[in-house]
Structures are given as C-alpha cells and as structure tokens.
$ cat model37.cif   # mmCIF, C-alpha atoms
data_model
loop_
_atom_site.label_atom_id
_atom_site.label_comp_id
_atom_site.auth_asym_id
_atom_site.auth_seq_id
_atom_site.Cartn_x
_atom_site.Cartn_y
_atom_site.Cartn_z
CA MET A 8 -6.63 6.42 25.14
CA THR A 9 -6.98 4.69 28.52
CA TRP A 10 -8.89 1.79 27.00
CA ALA A 11 -6.15 1.28 24.45
CA ARG A 12 -3.42 1.30 27.07
CA THR A 13 -5.38 -1.07 29.28
CA SER A 14 -5.98 -3.45 26.37
CA LEU A 15 -2.31 -3.27 25.49
CA LEU A 16 -1.26 -4.09 29.04
CA LEU A 17 -3.71 -6.99 29.40
CA ALA A 18 -2.64 -8.41 26.06
CA TRP A 19 1.03 -8.21 26.96
CA ILE A 20 0.41 -9.99 30.24
CA ALA A 21 -1.55 -12.76 28.49
CA LEU A 22 1.03 -13.13 25.76
CA LEU A 23 3.96 -13.11 28.14
CA ALA A 24 2.28 -15.87 30.09
CA LEU A 25 1.92 -17.86 26.88
CA SER A 26 5.44 -17.20 25.64
CA GLY A 27 6.91 -18.06 29.03
CA CYS A 28 5.78 -21.67 28.62
CA GLY A 29 8.23 -22.59 25.87
CA SER A 30 11.93 -23.21 25.35
CA ALA A 31 14.54 -20.48 25.07
CA LEU A 32 14.45 -20.90 21.29
CA ARG A 33 10.68 -20.49 21.26
CA THR A 34 10.94 -17.41 23.45
CA HIS A 35 13.46 -15.97 20.98
CA ALA A 36 11.21 -16.83 18.05
CA ILE A 37 8.23 -15.00 19.54
CA ALA A 38 10.38 -12.00 20.46
CA ALA A 39 11.94 -11.95 16.99
CA HIS A 40 8.51 -12.03 15.39
CA THR A 41 7.18 -9.17 17.53
CA THR A 42 10.34 -7.16 16.96
CA GLN A 43 10.06 -7.63 13.19
CA VAL A 44 6.55 -6.17 13.28
CA VAL A 45 7.69 -3.24 15.45
CA ILE A 46 10.63 -2.49 13.12
CA ASP A 47 8.51 -2.74 9.98
CA GLU A 48 5.72 -0.56 11.38
CA THR A 49 8.11 2.04 12.78
CA CYS A 50 10.41 2.20 9.77
CA GLY A 51 7.45 2.16 7.39
CA VAL A 52 6.13 5.30 9.07
CA ILE A 53 9.59 6.88 8.97
CA GLU A 54 9.92 6.15 5.26
CA SER A 55 6.49 7.59 4.60
CA GLU A 56 7.15 10.74 6.65
CA ARG A 57 10.49 11.23 4.90
CA ASN A 58 8.95 10.94 1.45
CA THR A 59 6.11 13.28 2.43
CA ALA A 60 8.62 15.86 3.72
CA ALA A 61 10.51 15.73 0.42
CA GLU A 62 7.29 16.07 -1.61
CA ARG A 63 6.22 19.01 0.53
CA ALA A 64 9.60 20.66 0.02
CA ASN A 65 9.22 20.27 -3.74
CA ALA A 66 5.69 21.66 -3.73
CA GLN A 67 6.80 24.83 -1.95
CA HIS A 68 9.14 25.94 -4.73
CA GLU A 69 8.35 27.11 -8.21
CA TYR A 70 11.80 26.83 -9.73
CA ARG A 71 13.82 23.68 -10.27
CA GLU A 72 16.97 24.87 -8.52
CA ASP A 73 15.12 25.90 -5.38
CA ALA A 74 13.03 22.73 -5.32
CA ARG A 75 16.11 20.56 -5.79
CA ALA A 76 17.89 22.20 -2.85
CA ALA A 77 14.81 21.99 -0.61
CA VAL A 78 14.23 18.33 -1.45
CA ALA A 79 17.89 17.53 -0.76
CA GLU A 80 17.65 19.27 2.60
CA ALA A 81 14.51 17.33 3.56
CA ARG A 82 16.09 14.04 2.57
CA ALA A 83 19.28 14.84 4.48
CA ALA A 84 17.30 15.61 7.63
CA TRP A 85 15.71 12.15 7.54
CA GLN A 86 18.79 10.21 6.42
CA PRO A 87 20.11 9.38 9.94
CA ALA A 88 16.73 7.83 10.81
CA ILE A 89 16.66 5.87 7.54
CA ASP A 90 20.21 4.61 8.15
CA THR A 91 19.37 3.59 11.70
CA CYS A 92 16.28 1.75 10.48
CA ASN A 93 18.37 -0.19 8.00
CA LEU A 94 20.89 -1.06 10.72
CA LEU A 95 17.97 -2.35 12.80
CA VAL A 96 16.84 -4.44 9.84
CA GLU A 97 20.33 -5.92 9.48
CA ALA A 98 20.54 -6.74 13.19
CA HIS A 99 17.12 -8.40 13.05
CA GLY A 100 18.13 -10.38 9.94
CA GLY A 101 21.26 -11.59 11.73
CA TRP A 102 19.11 -12.63 14.68
CA VAL A 103 16.76 -14.63 12.45
CA ASP A 104 19.74 -16.34 10.78
CA ALA A 105 21.25 -17.12 14.16
CA LEU A 106 17.96 -18.64 15.34
CA ALA A 107 17.85 -20.83 12.23
CA LEU A 108 21.37 -21.96 13.05
CA ALA A 109 20.35 -22.69 16.64
CA ALA A 110 17.25 -24.59 15.51
CA SER A 111 19.46 -26.85 13.39
CA GLY A 112 21.65 -27.55 16.42
CA GLY A 113 24.50 -25.25 15.42
CA ASP A 114 24.33 -22.82 18.33
CA PRO A 115 22.67 -24.52 21.30
CA THR A 116 23.50 -21.71 23.75
CA LEU A 117 22.07 -19.01 21.41
CA THR A 118 25.31 -17.03 21.78
CA PHE A 119 25.24 -15.76 18.18
CA ALA A 120 21.58 -14.85 18.46
CA LEU A 121 22.22 -12.78 21.56
CA THR A 122 24.99 -10.77 19.89
CA TYR A 123 22.38 -9.54 17.40
CA VAL A 124 19.63 -9.13 19.99
CA GLU A 125 21.86 -6.83 22.03
CA ARG A 126 22.26 -4.42 19.12
CA ILE A 127 18.55 -3.86 18.68
CA PRO A 128 17.71 -1.90 21.90
CA ARG A 129 20.78 0.29 21.37
CA LEU A 130 19.86 1.09 17.77
CA TYR A 131 16.20 1.57 18.64
CA GLY A 132 17.20 3.95 21.44
CA ASP A 133 19.22 5.94 18.90
CA LEU A 134 16.18 6.03 16.62
CA GLN A 135 13.90 7.18 19.45
CA SER A 136 16.31 10.00 20.30
CA LEU A 137 16.67 11.04 16.67
CA LEU A 138 12.94 11.20 16.05
CA ALA A 139 12.07 12.86 19.36
CA GLY A 140 14.75 15.51 18.92
CA ALA A 141 14.37 16.37 15.25
CA PHE A 142 10.71 15.62 14.52
CA HIS A 143 8.92 15.35 17.90
CA ILE A 144 7.77 11.83 17.05
CA THR A 145 7.40 9.37 19.90
CA LEU A 146 7.98 5.71 19.13
CA PRO A 147 6.36 2.84 21.01
CA PRO A 148 8.64 0.89 23.35
CA LEU A 149 10.32 -2.28 22.20
CA PRO A 150 8.51 -5.52 23.11
CA PRO A 151 9.25 -6.44 26.75
CA GLU A 152 10.17 -10.00 25.78
CA LEU A 153 12.99 -8.64 23.64
CA LEU A 154 14.27 -6.51 26.51
CA ALA A 155 14.01 -9.54 28.80
CA LEU A 156 16.35 -11.47 26.49
CA VAL A 157 18.95 -8.75 26.81
CA THR A 158 18.71 -8.22 30.55
CA GLU A 159 18.25 -11.76 31.84
CA PRO A 160 21.39 -13.52 33.19
CA ARG A 161 23.01 -16.07 30.86
CA MET B 7 -13.59 -13.82 18.87
CA THR B 8 -9.97 -14.66 19.55
CA LEU B 9 -7.46 -12.41 21.28
CA ALA B 10 -5.76 -11.90 17.91
CA GLN B 11 -9.01 -10.72 16.32
CA ILE B 12 -9.77 -8.41 19.24
CA MET B 13 -6.35 -6.76 19.06
CA ARG B 14 -6.60 -6.36 15.28
CA ALA B 15 -10.01 -4.75 15.67
CA ILE B 16 -8.58 -2.27 18.19
CA GLY B 17 -5.68 -1.55 15.83
CA ALA B 18 -8.06 -0.97 12.93
CA GLY B 19 -10.21 1.30 15.10
CA LEU B 20 -7.20 3.36 16.07
CA SER B 21 -6.18 3.74 12.45
CA ALA B 22 -9.57 5.21 11.69
CA ALA B 23 -9.69 7.43 14.78
CA SER B 24 -8.33 10.98 14.78
CA LEU B 25 -5.64 11.35 17.41
CA PRO B 26 -3.97 14.66 18.25
CA VAL B 27 -0.46 13.70 17.12
CA ALA B 28 -0.63 12.27 13.63
CA PRO B 29 2.74 10.46 13.42
CA VAL B 30 2.05 8.46 16.57
CA GLN B 31 -1.30 7.14 15.34
CA PRO B 32 -0.14 4.56 12.79
CA ILE B 33 2.64 3.41 15.09
CA LEU B 34 0.24 2.87 17.97
CA ALA B 35 -2.20 1.10 15.71
CA GLY B 36 0.68 -1.00 14.46
CA ALA B 37 1.68 -1.87 18.01
CA LEU B 38 -1.82 -3.18 18.62
CA ASN B 39 -1.90 -5.05 15.34
CA LEU B 40 1.37 -6.73 16.16
CA LEU B 41 -0.19 -7.99 19.38
CA GLY B 42 -2.78 -9.73 17.25
CA THR B 43 -0.05 -11.28 15.17
CA LEU B 44 1.88 -12.27 18.26
CA ALA B 45 -1.25 -13.86 19.69
CA ASP B 46 -1.51 -15.85 16.47
CA VAL B 47 2.06 -17.08 16.78
CA ALA B 48 1.72 -17.99 20.44
CA ALA B 49 -1.63 -19.69 19.93
CA ASP B 50 -0.44 -21.53 16.83
CA GLY B 51 2.65 -22.77 18.63
CA ILE B 52 0.59 -24.20 21.48
CA ASP B 53 -2.56 -25.30 19.68
CA GLN B 54 -0.90 -27.00 16.75
CA GLY B 55 2.16 -28.20 18.62
CA VAL B 56 4.66 -26.90 16.09
CA THR B 57 8.32 -27.63 16.77
CA ASP B 58 10.82 -24.90 17.53
CA ALA B 59 12.41 -25.42 14.11
CA GLU B 60 9.03 -25.04 12.39
CA LEU B 61 8.34 -21.89 14.37
CA ILE B 62 11.75 -20.45 13.43
CA ALA B 63 11.11 -21.27 9.78
CA THR B 64 8.01 -19.03 9.80
CA LEU B 65 9.94 -15.98 11.00
CA LYS B 66 10.05 -13.07 8.60
CA ARG B 67 12.89 -10.61 8.23
CA ALA B 68 12.25 -6.91 8.78
CA LYS B 69 12.07 -4.99 5.50
CA ARG B 70 14.95 -2.74 4.49
CA ILE B 71 13.99 0.83 3.55
CA ASN B 72 14.73 1.53 -0.08
CA THR B 73 13.92 5.06 -1.15
CA ALA B 74 15.30 4.76 -4.69
CA ALA B 75 11.96 4.43 -6.48
CA ALA B 76 10.27 7.25 -4.55
CA ASP B 77 13.31 9.49 -5.02
CA ALA B 78 13.46 8.84 -8.75
CA ALA B 79 9.77 9.73 -9.16
CA LEU B 80 10.13 12.96 -7.17
CA ASP B 81 13.35 13.90 -8.98
CA MET B 82 11.45 13.69 -12.26
CA GLU B 83 8.87 16.12 -10.89
CA VAL B 84 11.64 18.47 -9.76
CA ASP B 85 13.38 18.30 -13.13
CA ALA B 86 10.13 19.11 -14.90
CA LYS B 87 9.95 22.51 -13.18
CA PRO B 88 11.13 25.63 -14.98
CA SER B 89 14.69 26.75 -14.38
CA ARG B 90 15.42 30.05 -12.67
CA VAL B 91 18.14 30.81 -15.26
#
$ encode --input "model37.cif" --output "structure tokens"
Amino acid sequence: MTWARTSLLLAWIALLALSGCGSALRTHAIAAHTTQVVIDETCGVIESERNTAAERANAQHEYREDARAAVAEARAAWQPAIDTCNLLVEAHGGWVDALALAASGGDPTLTFALTYVERIPRLYGDLQSLLAGAFHITLPPLPPELLALVTEPR
Amino acid sequence: MTLAQIMRAIGAGLSAASLPVAPVQPILAGALNLLGTLADVAADGIDQGVTDAELIATLKRAKRINTAAADAALDMEVDAKPSRV
C-alpha cells in the first residue's frame, strides 16, 4: 500500500498547489467538490454494508418472525450511521447553496458558507467514531482543503 | 496521461485488488478516484479560465441515503417466509 499512499500524498500536494492559486470562492468550490465525492463514496459504502447486513440477517432465519426481528436489529444497528450521513448531506447542500449565494454577490465574506463547512468535520468525526466502534471500519480523512477552511483565521 | 487519468487508474486498480479489510477497499479506491475528479476541476478552472460563478454552478450536491426501496424489497422476502405459528 506504500505506492498508493505515496501517490495520494503527491497528488494532494499538486492539487493543493493548484487550488491555492484561486480566490476564496474558488478554494471553497474545489473543497466542496472533493467533500461531495468523499461523502458520496463513504455513505454509499455505508448504505451498501447496511443493506448487506440486513440481507444476511434475513438469510440466517427460516421463519418469518425470526427473520423480521433479525432484520430490524441489523437495520437499527446501522441507523445512527445512516442518519449521520444524511446530516452530512444536508450540511454539504447548505454549503453549496451558500456558495451559489456568494457567487451572485449575496455573501461576499462567505459567512453563511462557513457555518455549513464547520458542521462537516464534526459530523464526519461522529461517523468515524460510530463506524470504528460498532463495525471496525476505518474511513479516509476529510480533504485537507476542507479542514483548512475551518481552521484558517477569518 | 493526465494526473486525473493516473489517479483514476490507481483507483480502478485498487478496486480490483484484494485488500485484507474489505470495507476499506472501496473507500480507499474512492478517495483516489476523487483525486482524479479534483484534478479535473482544478485543471478545468485554470486551463479554460472559468469564472468562480461558473465553477460554483458545476458543483453537485451529495446524495441523500434513501433505504426505502431496498427495505421494501427485503421486507417482501421476509414476508414470503413461512410463519412459526
């Protein structure tokens, strides 16, 4: 996996150099795009794992009553992760809306955008903890350009 | 070959490879694929000189998880099983 990590690091460095050349709005746009892909990939896997767990629970039981209870239990175990994913999606949608507002001149300081950006690392941290604790699944880190938006002074 | 193509190729290779922890594999491959997409955005923004507003207009929203269809299909399978009583 060393080659993969090295490629990842080199690519991030190159892309950060590129993204650092633009305006604050452009930096947000690139971070929002990357974050959308991370959320979709991560939550897509979570949805798939959740559905597989429910199907497996069903397959392990011969009778309807037992299968129904096992499926409900599997779904309940994954529900916090599903809910957190959907909160991430809402925060990202708010961010995209706020960027559209900023691009039209309605929020030149990107204040609204940042209120949504700040929610994402918190929610993603919750998701990482949930998955690591309950299912031993490790998520990739959030894009560094997103974290930079949250930590840099205003 | 562009950076985007290289990163996509790595992502595709990872998807096909067998890694020890299955749930991490698609996520890692996805992380590499997103780098390819990001490279596209960054390169497009510079090469084609798009405005900030045009760049914002291309942004996609993350997709909400909706389990209703999958749940309905599985519930039908469950209901088709024989009852214990």
$ atom_distance --input "model37.cif" --atom1 "CA of Asp58 (chain B)" --atom2 "CA of Val45 (chain A)"
22.0 Å
$ resolve_selection --input "model37.cif" --expression "the PyMOL selection byres ((chain B) within 6 of (chain A))" --output "ChimeraX atom specification"
/B:36,40,58-59,62,67-68,70,84,87-90
$ atom_distance --input "model37.cif" --atom1 "CA of Ala88 (chain A)" --atom2 "CA of Asp133 (chain A)"
8.7 Å
$ closest_residue --input "model37.cif" --among "A:Ala155, A:Val124, A:Gly113, A:Ala79" --to "Asp81 (chain B)" --atoms "all atoms listed in the file"
A:Ala79
$ axis_aligned_box --input "model37.cif" --around "region 125-138 of chain A" --padding-each-side "3 Å" --output "JSON"
{"center_x": 17.6, "center_y": 2.2, "center_z": 19.0, "size_x": 15.3, "size_y": 24.0, "size_z": 12.0}
$ closest_residue --input "model37.cif" --among "B:Thr73, B:Gly55, B:Leu80, B:Asp85" --to "Gln86 (chain A)" --atoms "all atoms listed in the file"
B:Thr73
$ atom_distance --input "model37.cif" --atom1 "CA of Thr57 (chain B)" --atom2 "CA of Lys69 (chain B)"
25.6 Å
$ closest_residue --input "model37.cif" --among "A:Leu121, A:Arg63, A:Ala76, A:Pro87" --to "Gln135 (chain A)" --atoms "all atoms listed in the file"
A:Pro87
